[in-house]
file upload04.cif (mmCIF, C-alpha atoms and all ligand atoms)
data_coords
#
loop_
_atom_site.group_PDB
_atom_site.id
_atom_site.type_symbol
_atom_site.label_atom_id
_atom_site.label_comp_id
_atom_site.auth_asym_id
_atom_site.auth_seq_id
_atom_site.Cartn_x
_atom_site.Cartn_y
_atom_site.Cartn_z
ATOM 1 C CA MET O 17 0.000 0.000 0.000
ATOM 2 C CA CYS O 18 1.156 3.507 -0.707
ATOM 3 C CA ARG O 19 -0.205 7.028 -0.871
ATOM 4 C CA TYR O 20 -1.359 8.282 -4.253
ATOM 5 C CA GLY O 21 0.847 10.985 -5.650
ATOM 6 C CA THR O 22 3.932 10.000 -3.715
ATOM 7 C CA HIS O 23 4.596 6.523 -5.052
ATOM 8 C CA HIS O 24 5.565 6.980 -8.681
ATOM 9 C CA GLY O 25 9.079 8.371 -8.188
ATOM 10 C CA GLY O 26 9.983 5.709 -5.655
ATOM 11 C CA CYS O 27 8.555 2.902 -7.779
ATOM 12 C CA LYS O 28 10.437 3.876 -10.916
ATOM 13 C CA LYS O 29 13.683 4.048 -8.978
ATOM 14 C CA HIS O 30 13.196 0.454 -7.782
ATOM 15 C CA ASN O 31 11.655 -0.846 -11.040
ATOM 16 C CA LEU O 32 8.316 -1.457 -9.319
ATOM 17 C CA PHE O 33 4.846 -1.108 -10.796
ATOM 18 C CA VAL O 34 1.668 0.081 -9.107
ATOM 19 C CA ILE O 35 -1.484 -2.044 -9.382
ATOM 20 C CA GLU O 36 -4.524 -0.063 -8.270
ATOM 21 C CA ASP O 37 -7.421 -2.155 -6.997
ATOM 22 C CA VAL O 38 -10.327 0.276 -7.196
ATOM 23 C CA ALA O 39 -13.263 -2.088 -6.626
ATOM 24 C CA PRO O 40 -15.004 0.196 -4.094
ATOM 25 C CA ALA O 41 -13.871 3.415 -5.840
ATOM 26 C CA ILE O 42 -14.546 2.933 -9.537
ATOM 27 C CA GLY O 43 -15.658 6.241 -11.023
ATOM 28 C CA ALA O 44 -14.104 8.278 -8.208
ATOM 29 C CA ASP O 45 -11.745 11.176 -8.883
ATOM 30 C CA TYR O 46 -8.474 11.525 -6.993
ATOM 31 C CA THR O 47 -7.155 15.052 -6.481
ATOM 32 C CA PHE O 48 -3.385 15.347 -6.247
ATOM 33 C CA SER O 49 -1.731 17.905 -3.968
ATOM 34 C CA ASP O 50 -1.141 20.170 -7.012
ATOM 35 C CA GLY O 51 -4.878 20.197 -7.801
ATOM 36 C CA ASN O 52 -4.692 17.865 -10.804
ATOM 37 C CA LYS O 53 -7.300 15.114 -10.891
ATOM 38 C CA ALA O 54 -7.308 11.573 -12.229
ATOM 39 C CA LYS O 55 -9.822 8.758 -12.188
ATOM 40 C CA ALA O 56 -9.112 6.064 -9.622
ATOM 41 C CA GLY O 57 -7.597 3.138 -11.452
ATOM 42 C CA THR O 58 -5.809 5.253 -14.055
ATOM 43 C CA ILE O 59 -2.900 6.427 -11.922
ATOM 44 C CA GLY O 60 -0.858 3.248 -11.553
ATOM 45 C CA THR O 61 0.564 0.902 -14.156
ATOM 46 C CA ILE O 62 -2.491 -1.370 -13.998
ATOM 47 C CA GLY O 63 -5.971 -0.626 -12.694
ATOM 48 C CA CYS O 64 -8.316 -3.410 -11.705
ATOM 49 C CA THR O 65 -11.779 -3.758 -10.283
ATOM 50 C CA SER O 66 -14.319 -6.300 -9.176
ATOM 51 C CA PHE O 67 -17.821 -6.346 -10.658
ATOM 52 C CA PHE O 68 -19.221 -8.442 -7.804
ATOM 53 C CA PRO O 69 -22.908 -7.448 -7.282
ATOM 54 C CA SER O 70 -22.137 -5.523 -4.077
ATOM 55 C CA LYS O 71 -19.749 -3.165 -5.887
ATOM 56 C CA ASN O 72 -20.648 0.312 -7.209
ATOM 57 C CA LEU O 73 -20.565 -1.092 -10.722
ATOM 58 C CA GLY O 74 -21.700 -4.674 -10.330
ATOM 59 C CA CYS O 75 -22.929 -7.529 -12.467
ATOM 60 C CA TYR O 76 -25.100 -10.461 -11.305
ATOM 61 C CA GLY O 77 -22.288 -12.889 -10.577
ATOM 62 C CA ASP O 78 -18.507 -12.899 -10.495
ATOM 63 C CA GLY O 79 -16.639 -10.599 -12.801
ATOM 64 C CA GLY O 80 -13.842 -8.099 -12.930
ATOM 65 C CA ALA O 81 -11.568 -6.171 -15.219
ATOM 66 C CA MET O 82 -7.991 -5.005 -15.415
ATOM 67 C CA TYR O 83 -6.745 -2.213 -17.627
ATOM 68 C CA THR O 84 -3.604 -0.347 -18.579
ATOM 69 C CA ASN O 85 -2.491 2.188 -21.156
ATOM 70 C CA ASP O 86 0.669 0.155 -21.843
ATOM 71 C CA SER O 87 -0.151 -1.821 -24.998
ATOM 72 C CA ASP O 88 2.612 -4.441 -24.499
ATOM 73 C CA LEU O 89 1.461 -5.073 -20.957
ATOM 74 C CA ALA O 90 -2.177 -5.195 -22.126
ATOM 75 C CA ALA O 91 -1.266 -7.933 -24.623
ATOM 76 C CA LYS O 92 0.420 -9.947 -21.826
ATOM 77 C CA MET O 93 -2.542 -9.462 -19.483
ATOM 78 C CA LYS O 94 -4.929 -10.606 -22.206
ATOM 79 C CA MET O 95 -2.782 -13.651 -22.934
ATOM 80 C CA ILE O 96 -2.677 -14.698 -19.272
ATOM 81 C CA SER O 97 -6.453 -14.331 -18.916
ATOM 82 C CA HIS O 98 -7.012 -16.487 -22.025
ATOM 83 C CA HIS O 99 -5.206 -19.626 -20.840
ATOM 84 C CA GLY O 100 -1.804 -18.148 -21.739
ATOM 85 C CA GLN O 101 -2.691 -18.169 -25.445
ATOM 86 C CA SER O 102 -1.757 -15.462 -27.932
ATOM 87 C CA VAL O 103 -3.187 -17.624 -30.720
ATOM 88 C CA GLN O 104 -5.949 -20.184 -30.155
ATOM 89 C CA TYR O 105 -4.514 -23.504 -28.899
ATOM 90 C CA VAL O 106 -0.966 -22.122 -28.738
ATOM 91 C CA HIS O 107 -0.103 -21.659 -25.045
ATOM 92 C CA ASP O 108 2.882 -19.353 -24.734
ATOM 93 C CA VAL O 109 2.738 -18.932 -20.950
ATOM 94 C CA LEU O 110 0.921 -20.424 -17.991
ATOM 95 C CA GLY O 111 -2.448 -18.709 -17.880
ATOM 96 C CA VAL O 112 -5.900 -18.827 -16.326
ATOM 97 C CA ASN O 113 -9.462 -18.789 -17.600
ATOM 98 C CA SER O 114 -10.455 -15.331 -16.439
ATOM 99 C CA ARG O 115 -12.689 -13.999 -19.162
ATOM 100 C CA LEU O 116 -15.840 -12.047 -18.350
ATOM 101 C CA ASP O 117 -18.756 -14.175 -19.520
ATOM 102 C CA THR O 118 -21.211 -12.795 -22.039
ATOM 103 C CA ILE O 119 -24.179 -12.571 -19.666
ATOM 104 C CA GLN O 120 -22.209 -10.540 -17.118
ATOM 105 C CA ALA O 121 -20.854 -8.325 -19.910
ATOM 106 C CA ALA O 122 -24.372 -7.683 -21.175
ATOM 107 C CA ILE O 123 -25.516 -6.742 -17.655
ATOM 108 C CA LEU O 124 -22.537 -4.416 -17.210
ATOM 109 C CA LYS O 125 -23.167 -2.794 -20.589
ATOM 110 C CA ASN O 126 -26.613 -1.893 -19.299
ATOM 111 C CA GLN O 127 -25.343 -0.810 -15.844
ATOM 112 C CA ILE O 128 -22.565 1.385 -17.211
ATOM 113 C CA ALA O 129 -25.043 3.421 -19.243
ATOM 114 C CA THR O 130 -26.426 4.861 -15.995
ATOM 115 C CA PHE O 131 -23.278 4.648 -13.841
ATOM 116 C CA ARG O 132 -22.229 7.940 -12.216
HETATM 117 C C1 LIG O 201 -10.805 -3.656 -3.071
HETATM 118 C C2 LIG O 201 -11.369 -5.006 -3.388
HETATM 119 N N1 LIG O 201 -10.681 -5.808 -4.211
HETATM 120 C C3 LIG O 201 -11.142 -7.039 -4.522
HETATM 121 C C4 LIG O 201 -12.315 -7.515 -4.000
HETATM 122 C C5 LIG O 201 -12.744 -8.900 -4.340
HETATM 123 O O1 LIG O 201 -13.420 -8.953 -5.499
HETATM 124 P P1 LIG O 201 -13.970 -10.361 -6.083
HETATM 125 O O2 LIG O 201 -14.964 -10.855 -5.107
HETATM 126 O O3 LIG O 201 -14.569 -10.027 -7.407
HETATM 127 O O4 LIG O 201 -12.772 -11.245 -6.201
HETATM 128 C C6 LIG O 201 -13.061 -6.711 -3.165
HETATM 129 C C7 LIG O 201 -14.351 -7.243 -2.625
HETATM 130 O O5 LIG O 201 -14.763 -6.992 -1.549
HETATM 131 C C8 LIG O 201 -12.589 -5.426 -2.840
HETATM 132 O O6 LIG O 201 -13.273 -4.623 -2.022
#
call {"tool": "encode", "arguments": {"input": "upload04.cif", "output": "structure tokens"}}
result
Amino acid sequence: MCRYGTHHGGCKKHNLFVIEDVAPAIGADYTFSDGNKAKAGTIGTIGCTSFFPSKNLGCYGDGGAMYTNDSDLAAKMKMISHHGQSVQYVHDVLGVNSRLDTIQAAILKNQIATFR
């Protein structure tokens, strides 16, 4: 755990990355000490959230998402969540089955339209 706004310099120096788990804070703004604002989950290297029904943005079962603006990292994250495959049936790395199912995605598509 670290304070927002103070961690980036220290992390770079030690080649560390920040993963922001924003499950209870999705949609929230963070205001830095200089007045700049950023959405929770967009400040670190990777943002992630749970879509469990009790969350601010929830589906009807288990679900979650992770996101980054680093395209190489995004490709690796996608590969890991698809059984370690970059191409169907070619497993480059050890992965997991962690895809959001279609029913939950459809529910979230509806929920996000009214999410504030
Ligand atoms: C910050 C945070 N991360 C993760 C989780 C767990 O999410 P899930 O149940 O989708 O694994 C929760 C649930 O309470 C949470 O509050």
call {"tool": "closest_residue", "arguments": {"input": "upload04.cif", "among": "O:Met95, O:Cys64, O:Ala44, O:Ala121", "to": "ligand LIG 201 (chain O)", "atoms": "all atoms listed in the file"}}
result
O:Cys64
call {"tool": "residues_near_ligand", "arguments": {"input": "upload04.cif", "ligand": "ligand LIG 201 (chain O)", "cutoff": "12 Å", "atoms": "all atoms listed in the file", "output": "ChimeraX atom specification"}}
result
/O:17,35-42,56-57,63-82,114,116
call {"tool": "atom_distance", "arguments": {"input": "upload04.cif", "atom1": "atom CA of O:Val106", "atom2": "atom CA of O:Ser87"}}
result
20.7 Å
call {"tool": "atom_distance", "arguments": {"input": "upload04.cif", "atom1": "atom CA of O:Gln104", "atom2": "atom CA of O:Asp117"}}
result
17.7 Å
call {"tool": "resolve_selection", "arguments": {"input": "upload04.cif", "expression": "the PyMOL selection byres (((chain O and resi 84) around 8) and not hetatm)", "output": "PyMOL selection string"}}
result
chain O and resi 58+61-63+82-83+85-87+89-90
call {"tool": "atom_distance", "arguments": {"input": "upload04.cif", "atom1": "atom CA of O:Leu124", "atom2": "atom CA of O:Ser97"}}
result
19.0 Å
call {"tool": "residues_around", "arguments": {"input": "upload04.cif", "residues": "O:Phe33", "least_positions_apart": "3", "cutoff": "10 Å", "atoms": "only C-alpha atoms", "output": "list of chain:residue names"}}
result
O:His23, O:His24, O:Gly26, O:Cys27, O:Lys28, O:His30, O:Glu36, O:Gly60, O:Thr61, O:Ile62
call {"tool": "resolve_selection", "arguments": {"input": "upload04.cif", "expression": "the PyMOL selection byres (((chain O and resi 110) around 12) and not hetatm)", "output": "MDAnalysis selection string"}}
result
chainID O and resid 92:93 95:102 106:109 111:113
